[in-house]
Each structure stands twice: as structure tokens, then as C-alpha cells.
$ cat target_2.pdb   # PDB, C-alpha atoms
ATOM      1  CA  MET V 121     105.095  56.970 115.076
ATOM      2  CA  SER V 122     102.559  59.283 116.682
ATOM      3  CA  ARG V 123     103.563  60.152 120.229
ATOM      4  CA  ARG V 124     101.322  60.352 123.277
ATOM      5  CA  ALA V 125     101.093  62.671 126.279
ATOM      6  CA  ALA V 126      98.407  63.307 128.873
ATOM      7  CA  VAL V 127      97.433  65.103 132.043
ATOM      8  CA  LEU V 128      96.717  62.780 134.964
ATOM      9  CA  GLY V 129      94.611  63.604 138.011
ATOM     10  CA  HIS V 130      91.384  62.951 139.891
ATOM     11  CA  PRO V 131      89.117  64.582 138.922
ATOM     12  CA  VAL V 132      90.651  65.830 135.691
ATOM     13  CA  SER V 133      87.858  66.395 133.167
ATOM     14  CA  HIS V 134      87.895  70.152 133.889
ATOM     15  CA  SER V 135      91.586  70.529 133.017
ATOM     16  CA  LYS V 136      92.646  73.190 130.512
ATOM     17  CA  SER V 137      95.947  71.415 129.870
ATOM     18  CA  PRO V 138      94.743  69.576 126.736
ATOM     19  CA  ALA V 139      93.743  72.866 125.114
ATOM     20  CA  LEU V 140      97.107  74.466 125.915
ATOM     21  CA  HIS V 141      99.216  71.513 124.782
ATOM     22  CA  LEU V 142      97.281  70.720 121.619
ATOM     23  CA  ALA V 143      97.411  74.357 120.500
ATOM     24  CA  ALA V 144     101.175  74.373 120.994
ATOM     25  CA  TYR V 145     101.767  71.084 119.180
ATOM     26  CA  ALA V 146      99.656  72.205 116.219
ATOM     27  CA  LYS V 147     101.658  75.429 115.958
ATOM     28  CA  LEU V 148     104.959  73.547 116.300
ATOM     29  CA  GLY V 149     103.879  70.967 113.719
ATOM     30  CA  VAL V 150     104.646  67.985 115.948
ATOM     31  CA  ASP V 151     102.509  64.841 116.076
ATOM     32  CA  ILE V 152     101.651  64.455 119.773
ATOM     33  CA  ALA V 153      98.189  63.347 120.892
ATOM     34  CA  TYR V 154      97.410  64.847 124.313
ATOM     35  CA  THR V 155      94.443  63.781 126.472
ATOM     36  CA  ALA V 156      93.134  63.964 130.052
ATOM     37  CA  ILE V 157      93.099  60.666 131.989
ATOM     38  CA  ASP V 158      91.415  60.224 135.366
ATOM     39  CA  VAL V 159      93.816  58.371 137.685
ATOM     40  CA  THR V 160      93.574  58.051 141.467
ATOM     41  CA  VAL V 161      96.529  57.687 143.833
ATOM     42  CA  GLU V 162      95.654  53.995 144.244
ATOM     43  CA  GLN V 163      95.571  53.435 140.475
ATOM     44  CA  LEU V 164      98.820  55.293 139.759
ATOM     45  CA  PRO V 165     101.371  52.440 140.147
ATOM     46  CA  ALA V 166      99.471  50.173 137.751
ATOM     47  CA  PHE V 167      98.990  52.994 135.267
ATOM     48  CA  MET V 168     102.695  53.852 135.303
ATOM     49  CA  ALA V 169     103.587  50.190 134.781
ATOM     50  CA  GLU V 170     101.460  50.204 131.626
ATOM     51  CA  VAL V 171     103.101  53.418 130.460
ATOM     52  CA  ARG V 172     106.547  51.904 130.850
ATOM     53  CA  SER V 173     105.699  49.185 128.338
ATOM     54  CA  ASP V 174     104.360  51.622 125.697
ATOM     55  CA  GLU V 175     107.079  53.355 123.686
ATOM     56  CA  SER V 176     104.701  55.968 122.251
ATOM     57  CA  TRP V 177     104.617  58.048 125.470
ATOM     58  CA  CYS V 178     106.702  61.237 125.537
ATOM     59  CA  GLY V 179     105.308  63.049 128.589
ATOM     60  CA  LEU V 180     102.836  63.321 131.431
ATOM     61  CA  SER V 181     101.428  66.367 133.176
ATOM     62  CA  VAL V 182     100.484  65.613 136.779
ATOM     63  CA  THR V 183      97.816  67.391 138.790
ATOM     64  CA  MET V 184      96.140  66.804 142.156
ATOM     65  CA  PRO V 185      96.139  64.498 144.029
ATOM     66  CA  LEU V 186      99.099  62.791 142.308
ATOM     67  CA  LYS V 187     101.949  65.309 142.629
ATOM     68  CA  SER V 188     103.554  63.717 145.689
ATOM     69  CA  ALA V 189     102.730  60.109 144.783
ATOM     70  CA  MET V 190     104.274  60.447 141.313
ATOM     71  CA  ALA V 191     107.725  61.071 142.809
ATOM     72  CA  ALA V 192     107.892  57.362 143.699
ATOM     73  CA  GLU V 193     106.940  56.296 140.156
ATOM     74  CA  VAL V 194     109.816  57.851 138.197
ATOM     75  CA  ASP V 195     113.433  56.830 137.718
ATOM     76  CA  GLU V 196     114.911  60.219 138.599
ATOM     77  CA  VAL V 197     113.717  63.620 139.817
ATOM     78  CA  ARG V 198     115.568  66.745 138.693
ATOM     79  CA  GLY V 199     115.544  70.442 139.493
ATOM     80  CA  ALA V 200     113.092  71.892 141.995
ATOM     81  CA  GLY V 201     111.143  68.643 142.125
ATOM     82  CA  ALA V 202     114.129  66.857 143.683
ATOM     83  CA  SER V 203     114.250  69.185 146.679
ATOM     84  CA  LEU V 204     110.482  69.504 147.046
ATOM     85  CA  GLY V 205     109.527  65.849 146.589
ATOM     86  CA  VAL V 206     106.557  67.100 144.549
ATOM     87  CA  ILE V 207     106.451  66.780 140.760
ATOM     88  CA  ASN V 208     103.943  67.796 138.102
ATOM     89  CA  THR V 209     105.814  66.644 134.997
ATOM     90  CA  VAL V 210     107.216  63.356 133.725
ATOM     91  CA  ALA V 211     109.407  63.386 130.624
ATOM     92  CA  PHE V 212     110.579  60.229 128.852
ATOM     93  CA  GLU V 213     114.266  60.049 127.939
ATOM     94  CA  ARG V 214     115.490  57.380 125.539
ATOM     95  CA  ASP V 215     119.046  56.095 125.305
ATOM     96  CA  GLY V 216     120.790  52.862 124.409
ATOM     97  CA  SER V 217     119.600  51.163 127.573
ATOM     98  CA  GLY V 218     115.912  52.006 127.143
ATOM     99  CA  VAL V 219     113.480  54.613 128.454
ATOM    100  CA  ARG V 220     113.894  56.547 131.680
ATOM    101  CA  ARG V 221     111.049  58.494 133.313
ATOM    102  CA  ILE V 222     112.312  61.844 134.613
ATOM    103  CA  GLY V 223     110.287  63.926 137.051
ATOM    104  CA  TYR V 224     110.267  67.725 137.196
ATOM    105  CA  ASN V 225     108.295  70.467 138.907
ATOM    106  CA  THR V 226     107.404  73.137 136.352
ATOM    107  CA  ASP V 227     104.876  74.750 138.718
ATOM    108  CA  VAL V 228     107.753  76.734 140.234
ATOM    109  CA  ALA V 229     108.701  78.303 136.904
ATOM    110  CA  GLY V 230     105.016  78.805 136.118
ATOM    111  CA  ILE V 231     104.469  80.814 139.306
ATOM    112  CA  VAL V 232     107.640  82.878 138.922
ATOM    113  CA  GLN V 233     106.908  83.839 135.313
ATOM    114  CA  ALA V 234     103.212  84.535 135.944
ATOM    115  CA  VAL V 235     103.744  86.900 138.884
ATOM    116  CA  ARG V 236     106.723  88.622 137.278
ATOM    117  CA  TYR V 237     104.631  89.324 134.191
ATOM    118  CA  ALA V 238     102.015  90.893 136.505
ATOM    119  CA  GLY V 239     104.629  93.180 138.062
ATOM    120  CA  ALA V 240     105.621  91.394 141.283
ATOM    121  CA  VAL V 241     108.604  93.046 142.954
ATOM    122  CA  SER V 242     111.838  91.277 143.860
ATOM    123  CA  ARG V 243     112.111  90.014 147.446
ATOM    124  CA  PRO V 244     108.358  90.465 148.002
ATOM    125  CA  ARG V 245     106.719  90.480 151.414
ATOM    126  CA  ALA V 246     104.643  87.358 150.833
ATOM    127  CA  ALA V 247     101.757  85.277 152.131
ATOM    128  CA  ILE V 248     100.402  81.907 150.977
ATOM    129  CA  LEU V 249      96.932  80.489 151.578
ATOM    130  CA  GLY V 250      96.996  76.700 151.967
ATOM    131  CA  GLY V 251      99.778  74.291 152.892
ATOM    132  CA  GLY V 252      99.498  71.421 150.387
ATOM    133  CA  GLY V 253     101.488  70.369 147.321
ATOM    134  CA  THR V 254     100.976  73.567 145.341
ATOM    135  CA  SER V 255     102.133  75.628 148.311
ATOM    136  CA  ALA V 256     105.464  73.786 148.099
ATOM    137  CA  ALA V 257     105.960  75.089 144.559
ATOM    138  CA  ALA V 258     104.848  78.563 145.684
ATOM    139  CA  ILE V 259     107.475  78.570 148.442
ATOM    140  CA  ALA V 260     110.203  77.536 146.003
ATOM    141  CA  ALA V 261     109.024  80.281 143.634
ATOM    142  CA  LEU V 262     109.204  82.882 146.411
ATOM    143  CA  HIS V 263     112.744  81.763 147.132
ATOM    144  CA  GLU V 264     113.621  82.330 143.458
ATOM    145  CA  LEU V 265     112.037  85.778 143.694
ATOM    146  CA  GLY V 266     114.343  86.607 146.595
ATOM    147  CA  SER V 267     112.017  86.308 149.585
ATOM    148  CA  SER V 268     113.644  85.129 152.824
ATOM    149  CA  HIS V 269     110.415  84.562 154.775
ATOM    150  CA  VAL V 270     106.831  83.564 154.053
ATOM    151  CA  ASP V 271     103.680  83.262 156.142
ATOM    152  CA  VAL V 272     101.512  80.255 155.304
ATOM    153  CA  PHE V 273      97.882  80.280 156.424
ATOM    154  CA  VAL V 274      96.079  76.980 156.981
ATOM    155  CA  ARG V 275      92.966  75.705 158.735
ATOM    156  CA  ASP V 276      94.864  72.831 160.318
ATOM    157  CA  ALA V 277      98.554  73.268 161.151
ATOM    158  CA  SER V 278      99.055  69.495 161.060
ATOM    159  CA  ARG V 279      98.363  69.572 157.312
ATOM    160  CA  ALA V 280     101.147  72.037 156.474
ATOM    161  CA  GLY V 281     103.772  69.323 156.020
ATOM    162  CA  ASP V 282     104.375  69.953 152.313
ATOM    163  CA  ALA V 283     104.898  73.664 152.955
ATOM    164  CA  GLN V 284     107.242  73.050 155.898
ATOM    165  CA  ALA V 285     109.292  70.520 153.950
ATOM    166  CA  ALA V 286     109.579  72.887 150.989
ATOM    167  CA  ALA V 287     110.732  75.774 153.183
ATOM    168  CA  ALA V 288     113.400  73.584 154.775
ATOM    169  CA  ALA V 289     114.516  72.317 151.364
ATOM    170  CA  VAL V 290     115.020  75.750 149.784
ATOM    171  CA  GLY V 291     116.200  77.547 152.931
ATOM    172  CA  ILE V 292     113.413  80.046 153.494
ATOM    173  CA  SER V 293     111.946  80.793 156.931
ATOM    174  CA  LEU V 294     108.298  79.876 157.374
ATOM    175  CA  ALA V 295     105.568  80.763 159.843
ATOM    176  CA  VAL V 296     102.448  78.572 159.871
ATOM    177  CA  ARG V 297      99.500  80.683 160.971
ATOM    178  CA  PRO V 298      95.740  80.090 161.311
ATOM    179  CA  LEU V 299      93.545  80.921 158.345
ATOM    180  CA  SER V 300      91.545  83.237 160.607
ATOM    181  CA  GLU V 301      94.495  85.679 160.556
ATOM    182  CA  ALA V 302      94.911  85.647 156.775
ATOM    183  CA  ALA V 303      92.924  88.743 155.756
ATOM    184  CA  THR V 304      94.968  91.170 157.834
ATOM    185  CA  ALA V 305      98.241  89.677 156.604
ATOM    186  CA  LEU V 306      97.123  89.690 152.971
ATOM    187  CA  ALA V 307      96.261  93.376 153.284
ATOM    188  CA  GLY V 308      99.932  94.163 153.797
ATOM    189  CA  ALA V 309     101.416  91.626 151.389
ATOM    190  CA  GLU V 310     103.294  92.620 148.244
ATOM    191  CA  LEU V 311     102.629  89.147 146.822
ATOM    192  CA  ALA V 312      99.845  86.783 147.879
ATOM    193  CA  ILE V 313      99.368  83.278 146.497
ATOM    194  CA  SER V 314      96.159  81.369 147.137
ATOM    195  CA  THR V 315      96.515  77.623 146.641
ATOM    196  CA  LEU V 316      93.047  76.947 148.088
ATOM    197  CA  PRO V 317      90.306  75.129 146.125
ATOM    198  CA  PRO V 318      87.607  77.147 144.305
ATOM    199  CA  ARG V 319      85.476  79.285 146.674
ATOM    200  CA  ALA V 320      87.518  78.243 149.733
ATOM    201  CA  ALA V 321      88.870  81.791 150.092
ATOM    202  CA  ASP V 322      85.456  83.499 149.901
ATOM    203  CA  GLY V 323      85.319  84.091 153.664
ATOM    204  CA  ILE V 324      88.781  85.673 153.635
ATOM    205  CA  ALA V 325      87.695  87.833 150.705
ATOM    206  CA  ALA V 326      84.698  89.117 152.665
ATOM    207  CA  GLU V 327      86.943  90.070 155.572
ATOM    208  CA  LEU V 328      89.512  91.647 153.259
ATOM    209  CA  ALA V 329      86.773  93.741 151.664
ATOM    210  CA  GLY V 330      86.291  95.472 155.020
ATOM    211  CA  LEU V 331      89.912  96.645 155.119
ATOM    212  CA  PRO V 332      89.863  99.686 152.788
ATOM    213  CA  GLY V 333      92.884 100.876 150.884
ATOM    214  CA  THR V 334      94.710  97.577 151.201
ATOM    215  CA  ALA V 335      95.846  94.733 148.951
ATOM    216  CA  ALA V 336      97.640  96.802 146.311
ATOM    217  CA  GLY V 337     100.244  94.148 145.527
ATOM    218  CA  VAL V 338      99.961  91.072 143.280
ATOM    219  CA  LEU V 339      97.591  88.172 143.944
ATOM    220  CA  LEU V 340      97.937  84.811 142.212
ATOM    221  CA  ASP V 341      94.825  82.693 142.722
ATOM    222  CA  VAL V 342      95.671  79.190 141.546
ATOM    223  CA  ALA V 343      91.969  78.293 141.285
ATOM    224  CA  TYR V 344      90.604  79.452 137.921
ATOM    225  CA  ASP V 345      87.038  78.133 137.794
ATOM    226  CA  PRO V 346      84.851  80.011 138.492
ATOM    227  CA  TRP V 347      86.661  83.174 137.485
ATOM    228  CA  PRO V 348      86.963  85.817 138.711
ATOM    229  CA  SER V 349      87.026  84.388 142.211
ATOM    230  CA  ARG V 350      85.635  86.465 145.045
ATOM    231  CA  ILE V 351      89.074  87.134 146.480
ATOM    232  CA  ALA V 352      90.310  88.234 143.045
ATOM    233  CA  GLU V 353      87.402  90.690 142.741
ATOM    234  CA  VAL V 354      88.126  92.204 146.155
ATOM    235  CA  TRP V 355      91.859  92.398 145.493
ATOM    236  CA  GLN V 356      91.368  94.130 142.170
ATOM    237  CA  GLY V 357      88.836  96.472 143.743
ATOM    238  CA  HIS V 358      91.544  97.640 146.134
ATOM    239  CA  GLY V 359      93.860  98.443 143.222
ATOM    240  CA  GLY V 360      95.947  95.284 143.255
ATOM    241  CA  ALA V 361      97.064  93.217 140.261
ATOM    242  CA  VAL V 362      95.378  89.836 139.880
ATOM    243  CA  VAL V 363      96.891  86.773 138.222
ATOM    244  CA  PRO V 364      94.434  83.973 137.387
ATOM    245  CA  GLY V 365      95.525  80.388 137.828
ATOM    246  CA  LEU V 366      95.335  80.008 134.050
ATOM    247  CA  GLU V 367      98.423  82.231 133.756
ATOM    248  CA  MET V 368     100.407  79.899 135.985
ATOM    249  CA  LEU V 369      99.003  76.881 134.124
ATOM    250  CA  MET V 370     100.032  78.341 130.784
ATOM    251  CA  TYR V 371     103.587  79.173 131.866
ATOM    252  CA  GLN V 372     104.188  75.798 133.514
ATOM    253  CA  ALA V 373     102.848  74.131 130.356
ATOM    254  CA  VAL V 374     105.450  76.016 128.303
ATOM    255  CA  GLU V 375     108.164  74.285 130.340
ATOM    256  CA  GLN V 376     106.458  70.900 129.915
ATOM    257  CA  ILE V 377     106.252  71.337 126.156
ATOM    258  CA  ARG V 378     110.000  71.998 126.043
ATOM    259  CA  PHE V 379     110.609  68.724 127.875
ATOM    260  CA  PHE V 380     108.135  66.724 125.780
ATOM    261  CA  THR V 381     109.342  67.972 122.382
ATOM    262  CA  GLY V 382     112.976  68.817 123.037
ATOM    263  CA  GLY V 383     112.459  72.130 121.228
ATOM    264  CA  GLU V 384     111.979  75.794 121.988
ATOM    265  CA  VAL V 385     108.629  77.475 122.586
ATOM    266  CA  THR V 386     108.493  80.761 120.691
ATOM    267  CA  ALA V 387     106.358  83.839 121.341
ATOM    268  CA  GLY V 388     104.085  82.693 118.503
ATOM    269  CA  VAL V 389     103.476  79.372 120.239
ATOM    270  CA  ILE V 390     102.695  81.162 123.513
ATOM    271  CA  ASP V 391     100.211  83.355 121.647
ATOM    272  CA  VAL V 392      98.206  80.385 120.360
ATOM    273  CA  MET V 393      98.328  78.792 123.811
ATOM    274  CA  CYS V 394      96.828  81.978 125.256
ATOM    275  CA  ASP V 395      94.165  81.974 122.526
ATOM    276  CA  SER V 396      93.207  78.390 123.382
ATOM    277  CA  VAL V 397      92.123  79.253 126.945
ATOM    278  CA  GLY V 398      91.016  82.862 126.509
ATOM    279  CA  LEU V 399      94.080  84.584 127.964
ATOM    280  CA  PRO V 400      95.268  87.851 126.436
ATOM    281  CA  ARG V 401      98.319  87.519 124.215
ATOM    282  CA  ARG V 402     101.611  88.521 125.806
ATOM    283  CA  VAL V 403     102.974  92.075 125.552
ATOM    284  CA  PHE V 404     106.665  92.230 126.392
TER
END

$ encode --input "target_2.pdb" --output "C-alpha cells"
Amino acid sequence: MSRRAAVLGHPVSHSKSPALHLAAYAKLGVDIAYTAIDVTVEQLPAFMAEVRSDESWCGLSVTMPLKSAMAAEVDEVRGAGASLGVINTVAFERDGSGVRRIGYNTDVAGIVQAVRYAGAVSRPRAAILGGGGTSAAAIAALHELGSSHVDVFVRDASRAGDAQAAAAAVGISLAVRPLSEAATALAGAELAISTLPPRAADGIAAELAGLPGTAAGVLLDVAYDPWPSRIAEVWQGHGGAVVPGLEMLMYQAVEQIRFFTGGEVTAGVIDVMCDSVGLPRRVF
């Protein structure tokens, strides 16, 4: 029987996940059809009820705005997702009693692997732009990298709940600061992670451009369309290493593919995944 998987979100038509997953499944020789399905938070419970009755499903990738809502739609949450309360992956486990939907957060591994590949140091002095669901994964990733403190910059401190909950869950100290202070802090950061939507960091980039000789660390900009972003251009112009959001997306997809297929993802599979979205092949 052909198996099914999909990325869920709203909007989702722009997603690069189908390209990444389909390239991997073709290379692995497994029969999994992977599509993008537009689902709102309000539609999610009904959609998941339909999924439960269809035995062909093997996995779901979850993007905004569903990452928090999906935690209530699975039977169990494991790993980083359990402490964060934010998941981006649902795997389907079958045993004698039926099918169980297991939630994971592979964004954490995606961030860690992407910034390490770009040369991020251990225990980096770090700053995060934005306080939503993706910032929670970024905080957990910084904890794995050895950081004990992170500054999170937001427009509205009342909307930093996901970031604050994540910091408490993993045991990292957190300072919520206004976005107006971000440029100066980024200039001295060894690792900066922007979780803001496309173009939302343009004003910070303009301010950062006026601080010469700064920003020589690693910047991960989760937004990848348009690319390069303005903040990525400024960061690179100051001599820093830039990681596009596609790198994070690719690495977190590797973890999803392991869950969905139950197999290993080799360097050759990663190469064709990179080819599918225009990333350079890995050099280790």
C-alpha cells in the first residue's frame, strides 16, 4: 500500500518541504506520497480525526500556525516537544492495539545542525529575534549548544510566552527586551537567530548596517523567501556567516524522514535533498 505524508499549515503553498521529502523518498526507493495541505487552527481537530481513520498515513510535518495546537491532537509527545509544548512532526506508530500519533519537535535538531555546520561556537553568546513558537525551538537549541542565557527581542513583551515557557522548560535564563534594542545586541552576538517573518527584520538590518565592524558571528534567518534577506546581506557584509532558513528546514526534514520511514538518511540522500531546493551539497 502506498503511504501518505504531508506538511500542514496556513498558508502552506510556498513550503519547500514537499521538494525535500519527495527527493529523499525517491533516493531511498520508498513509496510515500508527500503533499502540502492548507489547514487552519480551527480546521485541525477535524482534519486529525480524518487522518486517524486512514491507515495510509505515516507522517505529518507541521508549520505555522499549527505547532502549538497540534500538541493537543496527538497521543504522546516525545523528546524536546514534550518540554516545549510545541511540535512540528507527527509520526504514526503501529502495534497490536492500533495506530498511535506521536509528536516530536525536529526544529531543535534542525537549528543545532544548521548553525554547527556554519561554524557556530559552543556556549555562544546569543540573541533571538521574535518570541513565538519557533523561538521556543531556538531556545532549546541554544541550550543544547551550551548557552546558559539568551536575550529575546520582541515588539510586545506580552507575546513572548512561548519563549518564556521554553526557557523555563530547558533551564536557561532569559531576558525579554524590546525590539528597538536588537541591533546593538546583535552586533555583539556570537550566534543570532531571527524567527521573524520575511522583511520584518529590515529595520533592524538598517540600524545594524550603521554599526561598522560588527556582526562577525553566525546568523540563522529562519525566513527564506525572499533570499537573501536584508539582515542576511548586512550580516555577511560585516564578515559574519549566514545560515538561510532552508538549511534549518533541510536538517529538520532529515529527522522527520527518519521517523516516517524508520530508516537511516545517508549523505547521498542529504545531497539530493540539497539539490531539490538549491542548497550546496554538504562538505564534511

$ atom_distance --input "target_2.pdb" --atom1 "atom CA of Leu128 of chain V" --atom2 "atom CA of Val194 of chain V"
14.4 Å

$ resolve_selection --input "target_2.pdb" --expression "the PyMOL selection byres ((chain V and resi 183) around 12)" --output "VMD selection string"
chain V and resid 126 to 137 156 to 161 180 to 182 184 to 190 206 to 210 225 to 227 253 to 254 369 372 to 373

$ residues_around --input "target_2.pdb" --residues "Val270 of chain V" --least-positions-apart "4" --cutoff "7 Å" --atoms "all atoms listed in the file" --output "PyMOL selection string"
chain V and resi 246-247+293-295

$ resolve_selection --input "target_2.pdb" --expression "the PyMOL selection byres ((chain V and resi 376-380) around 8)" --output "PyMOL selection string"
chain V and resi 141+144+178-179+181+209+211-212+226+372-375+381-385

$ residues_near_point --input "target_2.pdb" --point "(105.4, 82.9, 139.2)" --cutoff "10 Å" --atoms "all atoms listed in the file" --output "JSON, numbers by chain"
{"V": [227, 228, 229, 230, 231, 232, 233, 234, 235, 236, 237, 238, 240, 257, 258, 260, 261, 262, 264, 265, 313, 340, 363, 367, 368, 371, 372]}

$ resolve_selection --input "target_2.pdb" --expression "the PyMOL selection byres ((chain V and resi 387) around 12)" --output "count of residues only"
19

$ atom_distance --input "target_2.pdb" --atom1 "atom CA of Ala329 of chain V" --atom2 "atom CA of Ile351 of chain V"
8.7 Å

$ atom_distance --input "target_2.pdb" --atom1 "atom CA of Ala288 of chain V" --atom2 "atom CA of Ser314 of chain V"
20.4 Å

$ axis_aligned_box --input "target_2.pdb" --around "segment 335-347 of chain V" --padding-each-side "4 Å" --output "AutoDock Vina command-line options"
--center_x 92.5 --center_y 87.5 --center_z 143.2 --size_x 23.4 --size_y 26.7 --size_z 19.5

$ closest_residue --input "target_2.pdb" --among "V:Ala169, V:Ala139, V:Ala153, V:Ala256" --to "Ala286 of chain V" --atoms "all atoms listed in the file"
V:Ala256

$ closest_residue --input "target_2.pdb" --among "V:Ala336, V:Ala352, V:Val296, V:Met370" --to "Gly308 of chain V" --atoms "only C-alpha atoms"
V:Ala336

$ closest_residue --input "target_2.pdb" --among "V:Trp177, V:Ala289, V:Asp271, V:Ala277" --to "Thr304 of chain V" --atoms "all atoms listed in the file"
V:Asp271

$ build_atoms --input "target_2.pdb" --residues "segment 262-288 of chain V" --atoms "N, CA and C atoms" --output "mmCIF file, keeping the file's coordinate frame"
data_model
loop_
_atom_site.group_PDB
_atom_site.id
_atom_site.type_symbol
_atom_site.label_atom_id
_atom_site.label_comp_id
_atom_site.auth_asym_id
_atom_site.auth_seq_id
_atom_site.Cartn_x
_atom_site.Cartn_y
_atom_site.Cartn_z
ATOM 1 N N LEU V 262 108.884 81.695 145.609
ATOM 2 C CA LEU V 262 109.204 82.882 146.411
ATOM 3 C C LEU V 262 110.698 82.942 146.712
ATOM 4 N N HIS V 263 111.298 81.796 146.923
ATOM 5 C CA HIS V 263 112.744 81.763 147.132
ATOM 6 C C HIS V 263 113.469 82.274 145.888
ATOM 7 N N GLU V 264 113.002 81.849 144.702
ATOM 8 C CA GLU V 264 113.621 82.330 143.458
ATOM 9 C C GLU V 264 113.423 83.833 143.282
ATOM 10 N N LEU V 265 112.312 84.345 143.793
ATOM 11 C CA LEU V 265 112.037 85.778 143.694
ATOM 12 C C LEU V 265 112.798 86.589 144.738
ATOM 13 N N GLY V 266 113.502 85.917 145.631
ATOM 14 C CA GLY V 266 114.343 86.607 146.595
ATOM 15 C C GLY V 266 113.784 86.749 147.992
ATOM 16 N N SER V 267 112.597 86.217 148.246
ATOM 17 C CA SER V 267 112.017 86.308 149.585
ATOM 18 C C SER V 267 112.803 85.426 150.558
ATOM 19 N N SER V 268 112.950 85.910 151.798
ATOM 20 C CA SER V 268 113.644 85.129 152.824
ATOM 21 C C SER V 268 112.678 84.571 153.860
ATOM 22 N N HIS V 269 111.416 85.019 153.803
ATOM 23 C CA HIS V 269 110.415 84.562 154.775
ATOM 24 C C HIS V 269 109.045 84.550 154.109
ATOM 25 N N VAL V 270 108.207 83.612 154.553
ATOM 26 C CA VAL V 270 106.831 83.564 154.053
ATOM 27 C C VAL V 270 105.913 83.111 155.176
ATOM 28 N N ASP V 271 104.738 83.710 155.238
ATOM 29 C CA ASP V 271 103.680 83.262 156.142
ATOM 30 C C ASP V 271 102.728 82.367 155.366
ATOM 31 N N VAL V 272 102.435 81.195 155.926
ATOM 32 C CA VAL V 272 101.512 80.255 155.304
ATOM 33 C C VAL V 272 100.302 80.105 156.225
ATOM 34 N N PHE V 273 99.113 80.295 155.643
ATOM 35 C CA PHE V 273 97.882 80.280 156.424
ATOM 36 C C PHE V 273 97.082 79.021 156.107
ATOM 37 N N VAL V 274 96.774 78.253 157.144
ATOM 38 C CA VAL V 274 96.079 76.980 156.981
ATOM 39 C C VAL V 274 94.995 76.828 158.047
ATOM 40 N N ARG V 275 94.001 76.009 157.733
ATOM 41 C CA ARG V 275 92.966 75.705 158.735
ATOM 42 C C ARG V 275 93.487 74.769 159.808
ATOM 43 N N ASP V 276 94.357 73.851 159.406
ATOM 44 C CA ASP V 276 94.864 72.831 160.318
ATOM 45 C C ASP V 276 96.381 72.770 160.180
ATOM 46 N N ALA V 277 97.089 73.197 161.212
ATOM 47 C CA ALA V 277 98.554 73.268 161.151
ATOM 48 C C ALA V 277 99.181 71.906 160.900
ATOM 49 N N SER V 278 98.494 70.833 161.258
ATOM 50 C CA SER V 278 99.055 69.495 161.060
ATOM 51 C C SER V 278 99.089 69.101 159.587
ATOM 52 N N ARG V 279 98.399 69.889 158.736
ATOM 53 C CA ARG V 279 98.363 69.572 157.312
ATOM 54 C C ARG V 279 99.272 70.495 156.499
ATOM 55 N N ALA V 280 100.223 71.128 157.158
ATOM 56 C CA ALA V 280 101.147 72.037 156.474
ATOM 57 C C ALA V 280 102.486 71.369 156.187
ATOM 58 N N GLY V 281 102.507 70.037 156.181
ATOM 59 C CA GLY V 281 103.772 69.323 156.020
ATOM 60 C C GLY V 281 104.483 69.608 154.716
ATOM 61 N N ASP V 282 103.745 69.675 153.606
ATOM 62 C CA ASP V 282 104.375 69.953 152.313
ATOM 63 C C ASP V 282 105.040 71.326 152.321
ATOM 64 N N ALA V 283 104.350 72.309 152.897
ATOM 65 C CA ALA V 283 104.898 73.664 152.955
ATOM 66 C C ALA V 283 106.144 73.713 153.836
ATOM 67 N N GLN V 284 106.100 73.044 154.988
ATOM 68 C CA GLN V 284 107.242 73.050 155.898
ATOM 69 C C GLN V 284 108.449 72.347 155.276
ATOM 70 N N ALA V 285 108.195 71.240 154.600
ATOM 71 C CA ALA V 285 109.292 70.520 153.950
ATOM 72 C C ALA V 285 109.908 71.351 152.834
ATOM 73 N N ALA V 286 109.072 72.057 152.081
ATOM 74 C CA ALA V 286 109.579 72.887 150.989
ATOM 75 C C ALA V 286 110.432 74.032 151.530
ATOM 76 N N ALA V 287 109.971 74.668 152.599
ATOM 77 C CA ALA V 287 110.732 75.774 153.183
ATOM 78 C C ALA V 287 112.096 75.296 153.667
ATOM 79 N N ALA V 288 112.129 74.137 154.308
ATOM 80 C CA ALA V 288 113.400 73.584 154.775
ATOM 81 C C ALA V 288 114.319 73.251 153.602
#
